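Each remark here refers to the structure printed beneath this line.
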Amino acid sequence: MTLNQLNIKEAQSGLKKKQFSSMELTEACLEQIEKDDPKINAFITLDKKAALAQAETVDAEIKQNAAVFQTKPLLGIPLGIKDLFSTRGMKTTAGSKVLTDYYPVYDATVVRKLKAAGGIILGKTNLDAWAHGSSGENSDFGPTKNPWNLDYVPGGSSSGSAAALAAEMCLASTGTDTGGSIRLPASFCGVVGLKPTYGRVSRYGIIAMASSLDSIGHFAKSVTDAALILGVTAGQDPFDATTPDIKVPDYFQDLAKGVKGIKIGLPKEYFQQGLDPEVKKVVLKAVEQFERLGAKTVSVSLPHSAYALAVYYIIQPAEVSSNLARYDGIRFGFPRDRFSEEAKRRIILGTFTLSSGYYEAYYLKAMQVRTLIQEDFVQAFKKVDVLMAPVSPTLPFKLGEKIKDPLQMYLSDIYTVTANLAGLPGLSLPAGLVKGLPVGFQLLGPQFKEDCLLRVGAAYEQAATWPRKGAKR
Amino acid sequence: MKIMVIEHLAKLANLTLIGSEKKKLGQQLTEILEYVRQLEKVETKGVAPTSQVTGLENVFRQDETQASLSQDEVLANAKSQTKGFFKVKAIFEEMI
């Protein structure tokens, strides 16, 4: 066992007991990156020197004051940062050739918080350019491969963050989820992925995709680790007016309480035709597991689910076309002729649906159906504590399989976009393997009920029997 | 979607498309719009639109000056600058 294989909790215990240094932990991750990243392509930018210098500082801090862990919950933990997060002085590309030479002069709020918590930033992870994609193949820096099987996609858009974690190149990584971009790659790579409530985590300094849907989250090796990171990143930010003044709870308080008495709703629309029977089997096995653990499961209906993807593919490109208008090559980056295919497609589509004469038929209509979708969830959460559903209708697919057919690719998001439209938190958990490829399920909760999702997720994880440690390579 | 429409949209969005791209985009957009057309089946009479989900309104801060980036930092990534300003191409023709 090498140090990069540890989760955060284990690594911290080792650092505290001085079984190893932050330097050794960071070096182990960098060695793993050196060994496997030429095959996987999870990182766009690596800053070894800065990471090692940071580790040295951490070791000095620990030596000086052993209690420092109390104020720095991520002290010495090597992290991968999705290359959509602004990092001061570290190249930030958004996976696009438009920004190949962009060095932000400030940190995103989340990056600032992770650094203040003692986290060590190894580098920036690959993604579908501008976070547009479900496979990672839309990156202008080459696709990321799934560490479980290099012929398969890791899921997108946070492809590099999920793959880097599954390949044990870091102990946790950050992501963004606008329509499933954390939950889908987490499911395809067999790691834990948390998409918090819209507004729970600041969007400031993160390159905007669709501003009413973007949610900032992370990948971790365990639910406990995911809870720890959320405690660091969550909270109101004066630089993001969509972060409400709602207290950040102690996510550990109820984490070990189990699921006795918890009511889990199974939305029937998520288990119907179109769902791969193998995926269904794995998810239903997890349902049984919850029942054995004492949870009550009931069937519920979210009647407008069938329309969610159509709503999403109007609202999201509309907001994309507006957000990408700022890239003009004047203040930073290169001119607009460097946009690649998917970005152009979404800009043109969004420009169309927002244009006069079409606005009412498309955009306004989509916003109205969005209300109905949100209302479905409000009704469902009157009956149950959380909802449980598959993340993806299919197993991870092969590289090249869907890239030529945008609509087929968009259908990968069919079970994930609803949470973004309604602004709900979602937790994607590994549930098993089919043909050597990971399958996950997602838990959805009412807004700001991350604590409940994490509690339910932790109970499942405790009882799960399949070996989640490490992808075979 | 007709090539003409795509060309117009590209102009509005300040994108340059080549011939084959226009044709492909036209076909793909037609397919995507065909898919989203299923929303016509949903009755939305009297349903209020949702543009955001936080419920927050009019979020203000005190009108006080705060530290911001320096001029040098703001210009650090600009390809073309002059005397502490961004330099852009002329927009207006010179009037005689």
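Within each chain, counting starts at residue 1; across the structure tokens, chains are named A, B, ... in the order shown, with ligands numbered 1 upward in that order.
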> Which residues of chain A are close to chain B, meaning at most 6 Å apart when you count only C-alpha atoms, and how do they look as a PyMOL selection string?
Replying inline: chain A and resi 212+310+331-332+367-368+371+423
>> Set the distance at 9 Å and use only C-alpha atoms: which residues neighbour stretch 386-397 of chain A once local chain neighbours fewer than 5 positions away are removed? I'd like the list as a VMD selection string.
In response: chain A and resid 135 146 151 to 155 180 183 to 185 187 to 189 262 to 268 270 to 271 274 to 280 283 287 300 380 to 381 402 411 to 416 428 434 437 to 446 452 to 453 456
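Going from atom CA of B:Lys2 over to atom CA of A:Gly350, you cover 16.3 Å.
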> DSSP says strand (DSSP E) for which residues of stretch 339-459 of chain A? Put them as a PyMOL selection string?
Replying inline: chain A and resi 386-390+426-434+437-444
>> Neighbouring residues of A:Tyr204 were defined as those with any atom within 9 Å, considering only C-alpha atoms; residues of the same chain fewer than 5 positions away were excluded. Please report them as a list in words.
In response: Phe85, Ser86, Asp107, Ala108, Thr109, Val110, Asp237, Phe239 and Asp240 of chain A
Residue contacts of A:Glu341 (9 Å, only C-alpha atoms) excluding same-chain residues fewer than 4 positions away, as a PDB file with N, CA and C atoms, in the first residue's frame:
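This is the output file result.pdb:
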```pdb
ATOM      1  N   ASN A 138     -14.789  16.295 -25.085  1.00  0.00           N
ATOM      2  CA  ASN A 138     -14.797  17.631 -25.678  1.00  0.00           C
ATOM      3  C   ASN A 138     -13.634  18.505 -25.216  1.00  0.00           C
ATOM      4  N   ARG A 345     -21.733  25.069 -30.940  1.00  0.00           N
ATOM      5  CA  ARG A 345     -23.085  24.525 -31.058  1.00  0.00           C
ATOM      6  C   ARG A 345     -23.994  25.131 -29.982  1.00  0.00           C
ATOM      7  N   ARG A 346     -23.494  25.176 -28.760  1.00  0.00           N
ATOM      8  CA  ARG A 346     -24.330  25.680 -27.665  1.00  0.00           C
ATOM      9  C   ARG A 346     -24.546  27.185 -27.769  1.00  0.00           C
TER      10      ARG A 346
ATOM     11  N   GLU B  21     -19.203  23.510 -41.429  1.00  0.00           N
ATOM     12  CA  GLU B  21     -19.708  23.646 -40.056  1.00  0.00           C
ATOM     13  C   GLU B  21     -21.150  24.137 -40.070  1.00  0.00           C
TER      14      GLU B  21
END
```
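Rounded to one decimal, atom CA of A:Pro303 and atom CA of A:Ile315 lie 19.8 Å from each other.
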>> Would you compute the distance between atom CA of A:Gly199 and atom CA of A:Ser211? Give it in Å to one decimal.
In response: 10.5 Å
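Every protein, DNA or RNA residue with an atom at most 8 Å from A:Arg338, where only C-alpha atoms count and chain neighbours fewer than 3 positions away do not, is listed here: A:Ser96, A:Lys97, A:Val98, A:Phe334, A:Pro335.
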> Out of chain B, which residues get helix (DSSP H, G or I) from DSSP, as a VMD selection string?
Replying inline: chain B and resid 3 to 12 19 to 41 71 to 75
Would you save the residues from that selection as an mmCIF file, in the first residue's frame, using N, CA and C atoms?
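Printed below is out20.cif as written:
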```
data_model
loop_
_atom_site.group_PDB
_atom_site.id
_atom_site.type_symbol
_atom_site.label_atom_id
_atom_site.label_comp_id
_atom_site.auth_asym_id
_atom_site.auth_seq_id
_atom_site.Cartn_x
_atom_site.Cartn_y
_atom_site.Cartn_z
ATOM 1 N N ILE B 3 -29.159 27.462 -43.654
ATOM 2 C CA ILE B 3 -27.808 28.020 -43.563
ATOM 3 C C ILE B 3 -27.864 29.518 -43.271
ATOM 4 N N MET B 4 -28.838 30.185 -43.902
ATOM 5 C CA MET B 4 -28.982 31.629 -43.723
ATOM 6 C C MET B 4 -29.206 32.000 -42.251
ATOM 7 N N VAL B 5 -30.054 31.200 -41.598
ATOM 8 C CA VAL B 5 -30.348 31.447 -40.175
ATOM 9 C C VAL B 5 -29.087 31.234 -39.345
ATOM 10 N N ILE B 6 -28.380 30.135 -39.631
ATOM 11 C CA ILE B 6 -27.136 29.847 -38.907
ATOM 12 C C ILE B 6 -26.141 30.999 -39.076
ATOM 13 N N GLU B 7 -26.049 31.489 -40.301
ATOM 14 C CA GLU B 7 -25.118 32.601 -40.560
ATOM 15 C C GLU B 7 -25.496 33.837 -39.756
ATOM 16 N N HIS B 8 -26.797 34.090 -39.687
ATOM 17 C CA HIS B 8 -27.266 35.252 -38.933
ATOM 18 C C HIS B 8 -26.952 35.088 -37.439
ATOM 19 N N LEU B 9 -27.225 33.877 -36.917
ATOM 20 C CA LEU B 9 -26.955 33.611 -35.498
ATOM 21 C C LEU B 9 -25.467 33.738 -35.204
ATOM 22 N N ALA B 10 -24.639 33.220 -36.115
ATOM 23 C CA ALA B 10 -23.190 33.298 -35.937
ATOM 24 C C ALA B 10 -22.740 34.751 -35.877
ATOM 25 N N LYS B 11 -23.362 35.570 -36.701
ATOM 26 C CA LYS B 11 -23.016 36.993 -36.706
ATOM 27 C C LYS B 11 -23.407 37.633 -35.369
ATOM 28 N N LEU B 12 -24.612 37.312 -34.888
ATOM 29 C CA LEU B 12 -25.067 37.850 -33.598
ATOM 30 C C LEU B 12 -24.124 37.432 -32.470
ATOM 31 N N GLY B 19 -17.959 26.759 -44.067
ATOM 32 C CA GLY B 19 -19.097 26.210 -44.807
ATOM 33 C C GLY B 19 -19.619 24.886 -44.280
ATOM 34 N N SER B 20 -18.727 23.910 -44.095
ATOM 35 C CA SER B 20 -19.170 22.580 -43.672
ATOM 36 C C SER B 20 -19.743 22.620 -42.260
ATOM 37 N N GLU B 21 -19.203 23.510 -41.429
ATOM 38 C CA GLU B 21 -19.708 23.646 -40.056
ATOM 39 C C GLU B 21 -21.150 24.137 -40.070
ATOM 40 N N LYS B 22 -21.428 25.081 -40.958
ATOM 41 C CA LYS B 22 -22.773 25.656 -41.024
ATOM 42 C C LYS B 22 -23.790 24.577 -41.348
ATOM 43 N N LYS B 23 -23.454 23.722 -42.291
ATOM 44 C CA LYS B 23 -24.376 22.683 -42.726
ATOM 45 C C LYS B 23 -24.628 21.696 -41.585
ATOM 46 N N LYS B 24 -23.533 21.264 -40.964
ATOM 47 C CA LYS B 24 -23.632 20.298 -39.873
ATOM 48 C C LYS B 24 -24.423 20.870 -38.695
ATOM 49 N N LEU B 25 -24.114 22.113 -38.340
ATOM 50 C CA LEU B 25 -24.821 22.759 -37.237
ATOM 51 C C LEU B 25 -26.307 22.887 -37.548
ATOM 52 N N GLY B 26 -26.606 23.220 -38.794
ATOM 53 C CA GLY B 26 -28.007 23.345 -39.218
ATOM 54 C C GLY B 26 -28.759 22.057 -38.970
ATOM 55 N N GLN B 27 -28.144 20.937 -39.354
ATOM 56 C CA GLN B 27 -28.788 19.626 -39.168
ATOM 57 C C GLN B 27 -28.925 19.290 -37.688
ATOM 58 N N GLN B 28 -27.846 19.495 -36.942
ATOM 59 C CA GLN B 28 -27.858 19.136 -35.519
ATOM 60 C C GLN B 28 -28.849 19.989 -34.741
ATOM 61 N N LEU B 29 -28.902 21.272 -35.040
ATOM 62 C CA LEU B 29 -29.831 22.152 -34.332
ATOM 63 C C LEU B 29 -31.283 21.784 -34.643
ATOM 64 N N THR B 30 -31.530 21.423 -35.868
ATOM 65 C CA THR B 30 -32.883 20.988 -36.242
ATOM 66 C C THR B 30 -33.275 19.774 -35.398
ATOM 67 N N GLU B 31 -32.335 18.839 -35.243
ATOM 68 C CA GLU B 31 -32.592 17.628 -34.477
ATOM 69 C C GLU B 31 -32.843 17.948 -32.993
ATOM 70 N N ILE B 32 -32.016 18.824 -32.439
ATOM 71 C CA ILE B 32 -32.161 19.191 -31.021
ATOM 72 C C ILE B 32 -33.480 19.937 -30.791
ATOM 73 N N LEU B 33 -33.817 20.855 -31.712
ATOM 74 C CA LEU B 33 -35.064 21.617 -31.552
ATOM 75 C C LEU B 33 -36.278 20.703 -31.707
ATOM 76 N N GLU B 34 -36.126 19.700 -32.561
ATOM 77 C CA GLU B 34 -37.195 18.701 -32.718
ATOM 78 C C GLU B 34 -37.407 17.985 -31.375
ATOM 79 N N TYR B 35 -36.322 17.649 -30.704
ATOM 80 C CA TYR B 35 -36.403 16.970 -29.408
ATOM 81 C C TYR B 35 -37.068 17.853 -28.349
ATOM 82 N N VAL B 36 -36.665 19.115 -28.287
ATOM 83 C CA VAL B 36 -37.205 19.978 -27.224
ATOM 84 C C VAL B 36 -38.649 20.389 -27.503
ATOM 85 N N ARG B 37 -39.074 20.184 -28.730
ATOM 86 C CA ARG B 37 -40.454 20.554 -29.085
ATOM 87 C C ARG B 37 -41.491 19.780 -28.269
ATOM 88 N N GLN B 38 -41.084 18.672 -27.639
ATOM 89 C CA GLN B 38 -42.041 17.916 -26.810
ATOM 90 C C GLN B 38 -42.617 18.761 -25.676
ATOM 91 N N LEU B 39 -41.975 19.871 -25.371
ATOM 92 C CA LEU B 39 -42.496 20.734 -24.300
ATOM 93 C C LEU B 39 -43.849 21.338 -24.667
ATOM 94 N N GLU B 40 -44.137 21.377 -25.968
ATOM 95 C CA GLU B 40 -45.440 21.901 -26.400
ATOM 96 C C GLU B 40 -46.590 21.131 -25.759
ATOM 97 N N LYS B 41 -46.319 19.861 -25.408
ATOM 98 C CA LYS B 41 -47.372 19.017 -24.829
ATOM 99 C C LYS B 41 -47.715 19.393 -23.391
ATOM 100 N N GLN B 71 -4.183 47.928 -11.174
ATOM 101 C CA GLN B 71 -4.248 48.110 -12.624
ATOM 102 C C GLN B 71 -3.309 47.125 -13.335
ATOM 103 N N ASP B 72 -2.142 46.926 -12.773
ATOM 104 C CA ASP B 72 -1.176 45.991 -13.370
ATOM 105 C C ASP B 72 -1.743 44.574 -13.416
ATOM 106 N N GLU B 73 -2.397 44.186 -12.323
ATOM 107 C CA GLU B 73 -2.968 42.836 -12.284
ATOM 108 C C GLU B 73 -4.080 42.686 -13.321
ATOM 109 N N VAL B 74 -4.910 43.710 -13.403
ATOM 110 C CA VAL B 74 -6.032 43.650 -14.348
ATOM 111 C C VAL B 74 -5.518 43.516 -15.779
ATOM 112 N N LEU B 75 -4.394 44.183 -16.059
ATOM 113 C CA LEU B 75 -3.852 44.169 -17.424
ATOM 114 C C LEU B 75 -2.913 42.985 -17.678
#
```
> Hey, what's within 10 Å of A:Asp451 if we count only C-alpha atoms and toss same-chain stuff fewer than 5 positions away? As a ChimeraX atom specification, please?
Replying inline: /A:227,230,248-255,425,445,456-457
Take the selection from the previous step and output its residues with N, CA and C atoms, as a PDB file, in the first residue's frame.
```pdb
ATOM      1  N   ALA A 227     -18.021  14.916   3.286  1.00  0.00           N
ATOM      2  CA  ALA A 227     -18.604  15.770   4.326  1.00  0.00           C
ATOM      3  C   ALA A 227     -17.565  16.764   4.844  1.00  0.00           C
ATOM      4  N   LEU A 230     -17.057  19.574   2.284  1.00  0.00           N
ATOM      5  CA  LEU A 230     -18.196  20.498   2.217  1.00  0.00           C
ATOM      6  C   LEU A 230     -18.168  21.471   3.391  1.00  0.00           C
ATOM      7  N   VAL A 248     -24.103  26.936   7.929  1.00  0.00           N
ATOM      8  CA  VAL A 248     -23.498  25.668   7.501  1.00  0.00           C
ATOM      9  C   VAL A 248     -23.483  24.740   8.718  1.00  0.00           C
ATOM     10  N   PRO A 249     -24.217  23.625   8.638  1.00  0.00           N
ATOM     11  CA  PRO A 249     -24.263  22.746   9.814  1.00  0.00           C
ATOM     12  C   PRO A 249     -22.955  21.982   9.987  1.00  0.00           C
ATOM     13  N   ASP A 250     -22.821  21.321  11.119  1.00  0.00           N
ATOM     14  CA  ASP A 250     -21.695  20.411  11.309  1.00  0.00           C
ATOM     15  C   ASP A 250     -22.072  19.112  10.601  1.00  0.00           C
ATOM     16  N   TYR A 251     -21.429  18.859   9.470  1.00  0.00           N
ATOM     17  CA  TYR A 251     -21.828  17.704   8.653  1.00  0.00           C
ATOM     18  C   TYR A 251     -21.472  16.362   9.297  1.00  0.00           C
ATOM     19  N   PHE A 252     -20.752  16.393  10.405  1.00  0.00           N
ATOM     20  CA  PHE A 252     -20.419  15.141  11.084  1.00  0.00           C
ATOM     21  C   PHE A 252     -21.417  14.786  12.187  1.00  0.00           C
ATOM     22  N   GLN A 253     -22.212  15.787  12.551  1.00  0.00           N
ATOM     23  CA  GLN A 253     -23.095  15.589  13.698  1.00  0.00           C
ATOM     24  C   GLN A 253     -24.007  14.365  13.553  1.00  0.00           C
ATOM     25  N   ASP A 254     -24.636  14.224  12.384  1.00  0.00           N
ATOM     26  CA  ASP A 254     -25.591  13.121  12.191  1.00  0.00           C
ATOM     27  C   ASP A 254     -25.043  12.015  11.288  1.00  0.00           C
ATOM     28  N   LEU A 255     -23.781  12.156  10.898  1.00  0.00           N
ATOM     29  CA  LEU A 255     -23.235  11.291   9.850  1.00  0.00           C
ATOM     30  C   LEU A 255     -23.338   9.803  10.173  1.00  0.00           C
ATOM     31  N   PRO A 425     -29.552  19.261  -3.796  1.00  0.00           N
ATOM     32  CA  PRO A 425     -28.276  18.574  -3.619  1.00  0.00           C
ATOM     33  C   PRO A 425     -28.376  17.119  -4.086  1.00  0.00           C
ATOM     34  N   GLY A 445     -31.883  15.248  -2.285  1.00  0.00           N
ATOM     35  CA  GLY A 445     -32.577  15.708  -1.088  1.00  0.00           C
ATOM     36  C   GLY A 445     -33.174  17.083  -1.278  1.00  0.00           C
ATOM     37  N   VAL A 456     -27.325   9.339   4.957  1.00  0.00           N
ATOM     38  CA  VAL A 456     -27.845   8.162   4.264  1.00  0.00           C
ATOM     39  C   VAL A 456     -26.728   7.486   3.464  1.00  0.00           C
ATOM     40  N   GLY A 457     -25.915   8.317   2.792  1.00  0.00           N
ATOM     41  CA  GLY A 457     -24.800   7.780   2.012  1.00  0.00           C
ATOM     42  C   GLY A 457     -23.784   7.054   2.874  1.00  0.00           C
TER      43      GLY A 457
END
```
